[in-house]
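J.: Coordinates in upload28.pdb, PDB, C-alpha atoms, are listed below.
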```pdb
MODEL        1
ATOM      1  CA  MET A   1      73.639 125.110 136.601
ATOM      2  CA  TRP A   2      72.820 121.509 137.515
ATOM      3  CA  CYS A   3      75.457 119.012 136.340
ATOM      4  CA  THR A   4      75.216 115.229 136.102
ATOM      5  CA  ILE A   5      78.234 112.925 136.394
ATOM      6  CA  ARG A   6      79.124 109.596 134.728
ATOM      7  CA  THR A   7      76.236 109.562 132.252
ATOM      8  CA  PHE A   8      78.444 107.941 129.598
ATOM      9  CA  ALA A   9      79.737 104.583 130.816
ATOM     10  CA  LYS A  10      83.025 104.829 128.867
ATOM     11  CA  HIS A  11      83.878 108.137 130.532
ATOM     12  CA  ALA A  12      83.260 106.679 133.981
ATOM     13  CA  LEU A  13      85.572 103.785 133.196
ATOM     14  CA  GLU A  14      88.358 105.955 131.758
ATOM     15  CA  LEU A  15      88.616 107.740 135.115
ATOM     16  CA  GLY A  16      88.608 104.482 137.064
ATOM     17  CA  ASN A  17      84.994 104.784 138.232
ATOM     18  CA  GLN A  18      82.093 102.397 137.897
ATOM     19  CA  PRO A  19      79.156 103.483 135.703
ATOM     20  CA  LEU A  20      76.116 104.621 137.655
ATOM     21  CA  ALA A  21      72.585 103.256 137.602
ATOM     22  CA  GLU A  22      71.120 106.419 139.120
ATOM     23  CA  PRO A  23      72.243 109.986 138.386
ATOM     24  CA  ILE A  24      74.406 111.999 140.765
ATOM     25  CA  PHE A  25      74.589 115.788 140.539
ATOM     26  CA  PHE A  26      76.712 118.753 141.493
ATOM     27  CA  ILE A  27      76.110 122.475 141.040
ATOM     28  CA  LYS A  28      78.065 125.221 139.318
ATOM     29  CA  PRO A  29      77.251 128.808 140.367
ATOM     30  CA  ASP A  30      76.302 131.227 137.582
ATOM     31  CA  GLN A  31      79.522 133.124 138.271
ATOM     32  CA  CYS A  32      81.445 130.199 136.773
ATOM     33  CA  LEU A  33      80.191 131.103 133.276
ATOM     34  CA  HIS A  34      82.886 132.327 130.910
ATOM     35  CA  ASP A  35      81.509 135.310 129.008
ATOM     36  CA  SER A  36      83.850 135.871 126.075
ATOM     37  CA  GLY A  37      87.449 135.967 124.964
ATOM     38  CA  PRO A  38      90.184 133.348 125.297
ATOM     39  CA  LEU A  39      89.912 130.710 127.988
ATOM     40  CA  PRO A  40      92.242 131.824 130.844
ATOM     41  CA  VAL A  41      94.095 128.546 131.344
ATOM     42  CA  ASN A  42      97.271 130.132 132.708
ATOM     43  CA  ALA A  43      95.353 132.334 135.146
ATOM     44  CA  HIS A  44      93.855 129.279 136.854
ATOM     45  CA  PRO A  45      96.006 128.045 139.794
ATOM     46  CA  GLY A  46      95.759 124.432 138.700
ATOM     47  CA  GLU A  47      94.890 122.435 135.610
ATOM     48  CA  MET A  48      91.920 122.761 133.228
ATOM     49  CA  HIS A  49      90.569 119.620 131.573
ATOM     50  CA  HIS A  50      87.887 119.688 128.873
ATOM     51  CA  GLU A  51      84.542 117.919 129.153
ATOM     52  CA  ILE A  52      82.142 118.570 126.287
ATOM     53  CA  GLU A  53      78.439 118.235 127.127
ATOM     54  CA  CYS A  54      74.952 118.882 125.845
ATOM     55  CA  VAL A  55      73.335 121.604 127.958
ATOM     56  CA  VAL A  56      69.555 121.883 128.221
ATOM     57  CA  LYS A  57      67.763 125.084 129.174
ATOM     58  CA  ILE A  58      64.680 124.338 131.277
ATOM     59  CA  GLY A  59      61.570 126.099 130.002
ATOM     60  CA  PRO A  60      57.979 126.644 131.111
ATOM     61  CA  ASP A  61      56.116 123.652 132.560
ATOM     62  CA  ALA A  62      59.462 121.905 133.156
ATOM     63  CA  ARG A  63      59.932 121.239 129.446
ATOM     64  CA  PRO A  64      63.252 121.446 127.587
ATOM     65  CA  ALA A  65      63.249 124.844 125.886
ATOM     66  CA  ALA A  66      66.622 124.883 124.128
ATOM     67  CA  ILE A  67      69.869 122.948 123.779
ATOM     68  CA  ALA A  68      73.484 124.035 123.366
ATOM     69  CA  VAL A  69      76.988 122.661 123.420
ATOM     70  CA  GLY A  70      78.769 123.260 126.702
ATOM     71  CA  LEU A  71      82.137 122.795 128.361
ATOM     72  CA  ASP A  72      82.296 121.639 131.966
ATOM     73  CA  LEU A  73      85.924 122.492 132.667
ATOM     74  CA  THR A  74      87.487 120.504 135.474
ATOM     75  CA  ASP A  75      90.614 120.789 137.592
ATOM     76  CA  ARG A  76      91.221 117.040 137.611
ATOM     77  CA  PRO A  77      94.080 116.911 140.167
ATOM     78  CA  ALA A  78      92.106 119.056 142.614
ATOM     79  CA  GLN A  79      88.984 116.968 142.098
ATOM     80  CA  SER A  80      90.888 113.694 142.510
ATOM     81  CA  GLN A  81      92.635 114.783 145.695
ATOM     82  CA  LEU A  82      89.427 115.995 147.327
ATOM     83  CA  ARG A  83      87.572 112.856 146.267
ATOM     84  CA  SER A  84      90.309 110.643 147.752
ATOM     85  CA  GLU A  85      89.819 112.447 151.065
ATOM     86  CA  GLN A  86      86.020 112.091 150.772
ATOM     87  CA  LEU A  87      85.628 115.875 150.704
ATOM     88  CA  PRO A  88      83.370 117.997 148.482
ATOM     89  CA  TRP A  89      85.149 118.827 145.227
ATOM     90  CA  ALA A  90      83.859 122.321 144.443
ATOM     91  CA  LYS A  91      87.458 123.497 143.921
ATOM     92  CA  GLY A  92      87.781 121.039 141.038
ATOM     93  CA  LYS A  93      84.561 122.097 139.298
ATOM     94  CA  CYS A  94      83.425 125.570 140.385
ATOM     95  CA  PHE A  95      86.370 127.825 139.611
ATOM     96  CA  ARG A  96      86.270 130.983 137.472
ATOM     97  CA  SER A  97      85.511 130.387 133.757
ATOM     98  CA  SER A  98      84.803 126.687 134.399
ATOM     99  CA  ALA A  99      81.569 126.713 132.367
ATOM    100  CA  VAL A 100      81.213 127.693 128.719
ATOM    101  CA  ILE A 101      77.941 127.526 126.776
ATOM    102  CA  GLY A 102      77.496 127.984 123.022
ATOM    103  CA  GLU A 103      74.541 129.543 121.257
ATOM    104  CA  TRP A 104      71.127 128.163 122.124
ATOM    105  CA  ASN A 105      69.044 126.174 119.641
ATOM    106  CA  GLU A 106      65.307 125.893 120.295
ATOM    107  CA  TRP A 107      64.185 122.373 121.186
ATOM    108  CA  THR A 108      60.531 121.516 120.570
ATOM    109  CA  GLY A 109      60.834 117.818 121.382
ATOM    110  CA  THR A 110      60.452 116.008 124.690
ATOM    111  CA  TRP A 111      63.094 115.138 127.276
ATOM    112  CA  GLU A 112      62.979 111.550 126.023
ATOM    113  CA  SER A 113      63.603 112.546 122.398
ATOM    114  CA  LEU A 114      66.981 114.075 123.236
ATOM    115  CA  ASN A 115      68.409 110.554 123.422
ATOM    116  CA  ASP A 116      66.442 109.059 120.528
ATOM    117  CA  GLU A 117      68.610 107.601 117.779
ATOM    118  CA  GLY A 118      66.322 109.392 115.322
ATOM    119  CA  SER A 119      67.260 112.769 116.775
ATOM    120  CA  ALA A 120      70.886 111.948 115.909
ATOM    121  CA  LEU A 121      72.283 114.492 118.387
ATOM    122  CA  ARG A 122      76.059 114.218 118.597
ATOM    123  CA  LEU A 123      78.843 115.908 120.558
ATOM    124  CA  GLU A 124      82.216 116.584 118.976
ATOM    125  CA  LEU A 125      85.279 118.323 120.430
ATOM    126  CA  ARG A 126      88.470 119.040 118.514
ATOM    127  CA  VAL A 127      91.616 120.515 120.061
ATOM    128  CA  ASN A 128      94.185 121.823 117.565
ATOM    129  CA  GLU A 129      92.093 120.049 114.881
ATOM    130  CA  GLU A 130      92.553 116.692 116.642
ATOM    131  CA  LEU A 131      89.319 114.878 117.515
ATOM    132  CA  ARG A 132      89.311 114.414 121.297
ATOM    133  CA  GLN A 133      85.691 113.594 122.169
ATOM    134  CA  SER A 134      82.822 112.337 120.006
ATOM    135  CA  ALA A 135      79.590 110.526 120.885
ATOM    136  CA  PHE A 136      75.896 110.429 120.141
ATOM    137  CA  LEU A 137      73.568 111.339 122.983
ATOM    138  CA  ALA A 138      71.889 107.992 122.286
ATOM    139  CA  GLU A 139      75.015 106.341 123.763
ATOM    140  CA  MET A 140      74.303 107.737 127.247
ATOM    141  CA  SER A 141      73.962 105.083 129.929
ATOM    142  CA  ILE A 142      71.812 107.517 131.947
ATOM    143  CA  PRO A 143      69.501 109.297 129.460
ATOM    144  CA  VAL A 144      68.608 112.954 129.859
ATOM    145  CA  HIS A 145      64.972 112.362 130.832
ATOM    146  CA  HIS A 146      66.113 110.035 133.623
ATOM    147  CA  GLN A 147      68.503 112.736 134.838
ATOM    148  CA  PHE A 148      65.823 115.416 134.839
ATOM    149  CA  ASN A 149      63.148 113.297 136.507
ATOM    150  CA  SER A 150      65.566 112.270 139.249
ATOM    151  CA  LEU A 151      66.705 115.852 139.800
ATOM    152  CA  CYS A 152      63.135 117.125 140.114
ATOM    153  CA  GLU A 153      62.426 114.678 142.929
ATOM    154  CA  TRP A 154      64.444 116.794 145.379
ATOM    155  CA  ALA A 155      66.020 119.860 143.760
ATOM    156  CA  PRO A 156      64.484 123.365 143.532
ATOM    157  CA  VAL A 157      64.601 123.301 139.730
ATOM    158  CA  GLN A 158      63.028 126.292 138.033
ATOM    159  CA  GLU A 159      62.503 127.787 134.596
ATOM    160  CA  GLY A 160      65.722 129.228 133.199
ATOM    161  CA  ASP A 161      68.012 126.728 134.935
ATOM    162  CA  PHE A 162      70.579 124.821 132.876
ATOM    163  CA  LEU A 163      71.241 121.075 132.967
ATOM    164  CA  PHE A 164      74.721 119.887 131.948
ATOM    165  CA  THR A 165      74.028 116.295 130.929
ATOM    166  CA  GLY A 166      77.442 114.626 131.169
ATOM    167  CA  THR A 167      80.496 114.030 128.999
ATOM    168  CA  PRO A 168      81.700 111.192 126.769
ATOM    169  CA  SER A 169      85.153 109.656 127.056
ATOM    170  CA  GLY A 170      88.292 111.397 125.843
ATOM    171  CA  VAL A 171      88.730 114.096 128.496
ATOM    172  CA  ALA A 172      92.191 115.655 128.711
ATOM    173  CA  GLN A 173      94.111 118.715 129.861
ATOM    174  CA  LEU A 174      94.048 122.034 128.017
ATOM    175  CA  VAL A 175      97.162 124.215 127.830
ATOM    176  CA  ALA A 176      97.825 127.771 126.707
ATOM    177  CA  GLY A 177      97.896 127.993 122.918
ATOM    178  CA  ASP A 178      95.303 125.264 122.367
ATOM    179  CA  ALA A 179      92.548 126.027 119.879
ATOM    180  CA  LEU A 180      89.302 124.195 120.551
ATOM    181  CA  VAL A 181      86.102 123.719 118.604
ATOM    182  CA  ALA A 182      83.139 122.146 120.409
ATOM    183  CA  ARG A 183      79.957 121.310 118.519
ATOM    184  CA  LEU A 184      76.500 119.931 119.115
ATOM    185  CA  ILE A 185      75.518 118.352 115.815
ATOM    186  CA  GLY A 186      72.084 117.245 114.592
ATOM    187  CA  PRO A 187      70.725 115.291 111.600
ATOM    188  CA  GLN A 188      72.530 115.672 108.261
ATOM    189  CA  ASP A 189      75.573 116.890 110.215
ATOM    190  CA  ARG A 190      73.930 120.262 110.867
ATOM    191  CA  VAL A 191      75.779 122.232 113.551
ATOM    192  CA  LEU A 192      73.180 123.288 116.133
ATOM    193  CA  SER A 193      75.557 124.999 118.566
ATOM    194  CA  GLU A 194      79.284 125.755 118.517
ATOM    195  CA  ILE A 195      82.085 127.046 120.723
ATOM    196  CA  VAL A 196      85.258 128.248 118.998
ATOM    197  CA  MET A 197      87.881 129.349 121.489
ATOM    198  CA  ARG A 198      91.593 129.683 122.142
ATOM    199  CA  CYS A 199      93.349 129.056 125.440
ATOM    200  CA  GLU A 200      95.820 131.517 126.883
TER     201      GLU A 200
ENDMDL
END
```
Reformat the file's structure so that it appears as structure tokens.
T.:
Amino acid sequence: MWCTIRTFAKHALELGNQPLAEPIFFIKPDQCLHDSGPLPVNAHPGEMHHEIECVVKIGPDARPAAIAVGLDLTDRPAQSQLRSEQLPWAKGKCFRSSAVIGEWNEWTGTWESLNDEGSALRLELRVNEELRQSAFLAEMSIPVHHQFNSLCEWAPVQEGDFLFTGTPSGVAQLVAGDALVARLIGPQDRVLSEIVMRCE
């Protein structure tokens, strides 16, 4: 799972970072995927913060094969401490159950069309029915095709890999008892992919 950071300028600013001109990536191992059941917030020895994202499955000939809503869960205090010490922050991003992916929806368009205003792709996350995060992919300051092209310059990307494309502003901590609904929405408000989950 390849993951891009600060692709929405407002999210970069809310965490006290400057927006990027060129994409920067980190990796989540496949073992970070949460299979099913409640999100084990209390079992994690730290904090879990939500980051909703559009996830792209890479298909044959390096084309986007499918899209889904995803959660890149982050231990923000661990990440912040490691970053302040200029150390790698795997502990803040690569813990158990730190990646959740909804059902896949086939994508027949190009990489560029993912950010087209006409595609009208939108992310929406509600926690306990309160809207926490919402943005159109067209609002990205680093579009998905730019991310993918940059990644392919150096990374061993292959068919079947996933690309987490970055989160909009509104990230916050999850606690046991929270009920979350994450959606990737298309034209006419059609839900293309959904995650419905409780935290325990």
J.: For this file, the PyMOL selection byres ((chain A and resi 86-98) around 12) selects which residues, as a PyMOL selection string?
T.: chain A and resi 1-3+5+25-52+70-85+99-101+199
J.: Take the residues just selected and output them with C-alpha atoms as a PDB file, in the coordinates of the input.
T.:
```pdb
ATOM      1  CA  MET A   1      73.639 125.110 136.601  1.00  0.00           C
ATOM      2  CA  TRP A   2      72.820 121.509 137.515  1.00  0.00           C
ATOM      3  CA  CYS A   3      75.457 119.012 136.340  1.00  0.00           C
ATOM      4  CA  ILE A   5      78.234 112.925 136.394  1.00  0.00           C
ATOM      5  CA  PHE A  25      74.589 115.788 140.539  1.00  0.00           C
ATOM      6  CA  PHE A  26      76.712 118.753 141.493  1.00  0.00           C
ATOM      7  CA  ILE A  27      76.110 122.475 141.040  1.00  0.00           C
ATOM      8  CA  LYS A  28      78.065 125.221 139.318  1.00  0.00           C
ATOM      9  CA  PRO A  29      77.251 128.808 140.367  1.00  0.00           C
ATOM     10  CA  ASP A  30      76.302 131.227 137.582  1.00  0.00           C
ATOM     11  CA  GLN A  31      79.522 133.124 138.271  1.00  0.00           C
ATOM     12  CA  CYS A  32      81.445 130.199 136.773  1.00  0.00           C
ATOM     13  CA  LEU A  33      80.191 131.103 133.276  1.00  0.00           C
ATOM     14  CA  HIS A  34      82.886 132.327 130.910  1.00  0.00           C
ATOM     15  CA  ASP A  35      81.509 135.310 129.008  1.00  0.00           C
ATOM     16  CA  SER A  36      83.850 135.871 126.075  1.00  0.00           C
ATOM     17  CA  GLY A  37      87.449 135.967 124.964  1.00  0.00           C
ATOM     18  CA  PRO A  38      90.184 133.348 125.297  1.00  0.00           C
ATOM     19  CA  LEU A  39      89.912 130.710 127.988  1.00  0.00           C
ATOM     20  CA  PRO A  40      92.242 131.824 130.844  1.00  0.00           C
ATOM     21  CA  VAL A  41      94.095 128.546 131.344  1.00  0.00           C
ATOM     22  CA  ASN A  42      97.271 130.132 132.708  1.00  0.00           C
ATOM     23  CA  ALA A  43      95.353 132.334 135.146  1.00  0.00           C
ATOM     24  CA  HIS A  44      93.855 129.279 136.854  1.00  0.00           C
ATOM     25  CA  PRO A  45      96.006 128.045 139.794  1.00  0.00           C
ATOM     26  CA  GLY A  46      95.759 124.432 138.700  1.00  0.00           C
ATOM     27  CA  GLU A  47      94.890 122.435 135.610  1.00  0.00           C
ATOM     28  CA  MET A  48      91.920 122.761 133.228  1.00  0.00           C
ATOM     29  CA  HIS A  49      90.569 119.620 131.573  1.00  0.00           C
ATOM     30  CA  HIS A  50      87.887 119.688 128.873  1.00  0.00           C
ATOM     31  CA  GLU A  51      84.542 117.919 129.153  1.00  0.00           C
ATOM     32  CA  ILE A  52      82.142 118.570 126.287  1.00  0.00           C
ATOM     33  CA  GLY A  70      78.769 123.260 126.702  1.00  0.00           C
ATOM     34  CA  LEU A  71      82.137 122.795 128.361  1.00  0.00           C
ATOM     35  CA  ASP A  72      82.296 121.639 131.966  1.00  0.00           C
ATOM     36  CA  LEU A  73      85.924 122.492 132.667  1.00  0.00           C
ATOM     37  CA  THR A  74      87.487 120.504 135.474  1.00  0.00           C
ATOM     38  CA  ASP A  75      90.614 120.789 137.592  1.00  0.00           C
ATOM     39  CA  ARG A  76      91.221 117.040 137.611  1.00  0.00           C
ATOM     40  CA  PRO A  77      94.080 116.911 140.167  1.00  0.00           C
ATOM     41  CA  ALA A  78      92.106 119.056 142.614  1.00  0.00           C
ATOM     42  CA  GLN A  79      88.984 116.968 142.098  1.00  0.00           C
ATOM     43  CA  SER A  80      90.888 113.694 142.510  1.00  0.00           C
ATOM     44  CA  GLN A  81      92.635 114.783 145.695  1.00  0.00           C
ATOM     45  CA  LEU A  82      89.427 115.995 147.327  1.00  0.00           C
ATOM     46  CA  ARG A  83      87.572 112.856 146.267  1.00  0.00           C
ATOM     47  CA  SER A  84      90.309 110.643 147.752  1.00  0.00           C
ATOM     48  CA  GLU A  85      89.819 112.447 151.065  1.00  0.00           C
ATOM     49  CA  ALA A  99      81.569 126.713 132.367  1.00  0.00           C
ATOM     50  CA  VAL A 100      81.213 127.693 128.719  1.00  0.00           C
ATOM     51  CA  ILE A 101      77.941 127.526 126.776  1.00  0.00           C
ATOM     52  CA  CYS A 199      93.349 129.056 125.440  1.00  0.00           C
TER      53      CYS A 199
END
```
J.: Figure out the distance between CA of Asp116 (chain A) and CA of Val157 (chain A), please, to one decimal in Å.
T.: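 Going from CA of Val157 (chain A) over to CA of Asp116 (chain A), I get 24.0 Å.
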J.: Name the closest residue to Cys54 (chain A) among the candidates A:Glu153, A:Glu112, A:Glu194, A:Glu129; distances are taken between atoms, counting all atoms listed in the file.
T.: A:Glu194
J.: Which residue out of A:Asp178, A:Gln133, A:Ala65, A:Gly186 has the minimum interatomic distance to Asn115 (chain A) when all atoms listed in the file are used?
T.: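 Distance minimum relative to Asn115 (chain A) lands on A:Gly186.
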J.: Select, from A:Phe136, A:Phe164, A:Trp154, A:Phe148, the residue with the minimum atom-to-atom distance to Leu123 (chain A), counting all atoms listed in the file.
T.: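 Looking only at the distances to Leu123 (chain A), the closest residue turns out to be A:Phe136.
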J.: With distances taken over only C-alpha atoms, which of A:Ala135, A:Ile195, A:Ala179, A:Glu103 is nearest to Ala9 (chain A)?
T.: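 Of A:Ala135, A:Ile195, A:Ala179, A:Glu103, the one nearest Ala9 (chain A) is A:Ala135, counting only C-alpha atoms.
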J.: Using all atoms listed in the file, determine which residues lie at most 10 Å from Met140 (chain A), disregarding the query and same-chain residues fewer than 6 positions distant; provide the list as a list in words.
T.: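 Contacts, in chain order: Arg6, Thr7, Phe8, Ala9, Lys10, Asn115, Thr165, Gly166, Thr167 and Pro168 of chain A.
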J.: Kindly give the distance, in Å, that separates CA of Val69 (chain A) and CA of Gly102 (chain A), rounded to a single decimal.
T.: 5.4 Å
J.: Run the PyMOL selection byres ((chain A and resi 161) around 7) against the file shown and list the residues it catches, as a tab-separated table (two decimals) with C-alpha atoms, in the coordinates of the input.
T.:
```
chain	number	residue	atom	x	y	z
A	1	MET	CA	73.64	125.11	136.60
A	57	LYS	CA	67.76	125.08	129.17
A	58	ILE	CA	64.68	124.34	131.28
A	157	VAL	CA	64.60	123.30	139.73
A	158	GLN	CA	63.03	126.29	138.03
A	159	GLU	CA	62.50	127.79	134.60
A	160	GLY	CA	65.72	129.23	133.20
A	162	PHE	CA	70.58	124.82	132.88
A	163	LEU	CA	71.24	121.08	132.97
```
J.: At what distance in Å, to one decimal, does CA of Asn17 (chain A) lie from CA of Glu117 (chain A)?
T.: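 One can read the CA of Glu117 (chain A) to CA of Asn17 (chain A) distance as 26.4 Å.
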J.: Please provide as a ChimeraX atom specification all residues within 12 Å of Leu121 (chain A), with the sequence filter that same-chain residues fewer than 3 positions apart are discarded (counting all atoms listed in the file).
T.: /A:53-55,67-69,107,113-118,124,134-140,183-193
J.: Name the closest residue to Ile24 (chain A) among the candidates A:Met197, A:Ala12, A:Leu151, A:Val181; distances are taken between atoms, counting only C-alpha atoms.
T.: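 Comparing A:Met197, A:Ala12, A:Leu151, A:Val181 against Ile24 (chain A), the winner is A:Leu151.
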J.: Which is closest to Leu13 (chain A) among A:Ser169, A:Asn149, A:Ser119, A:Thr110, if we use only C-alpha atoms?
T.: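 Answer, going by the shortest atom-to-atom distance: A:Ser169.
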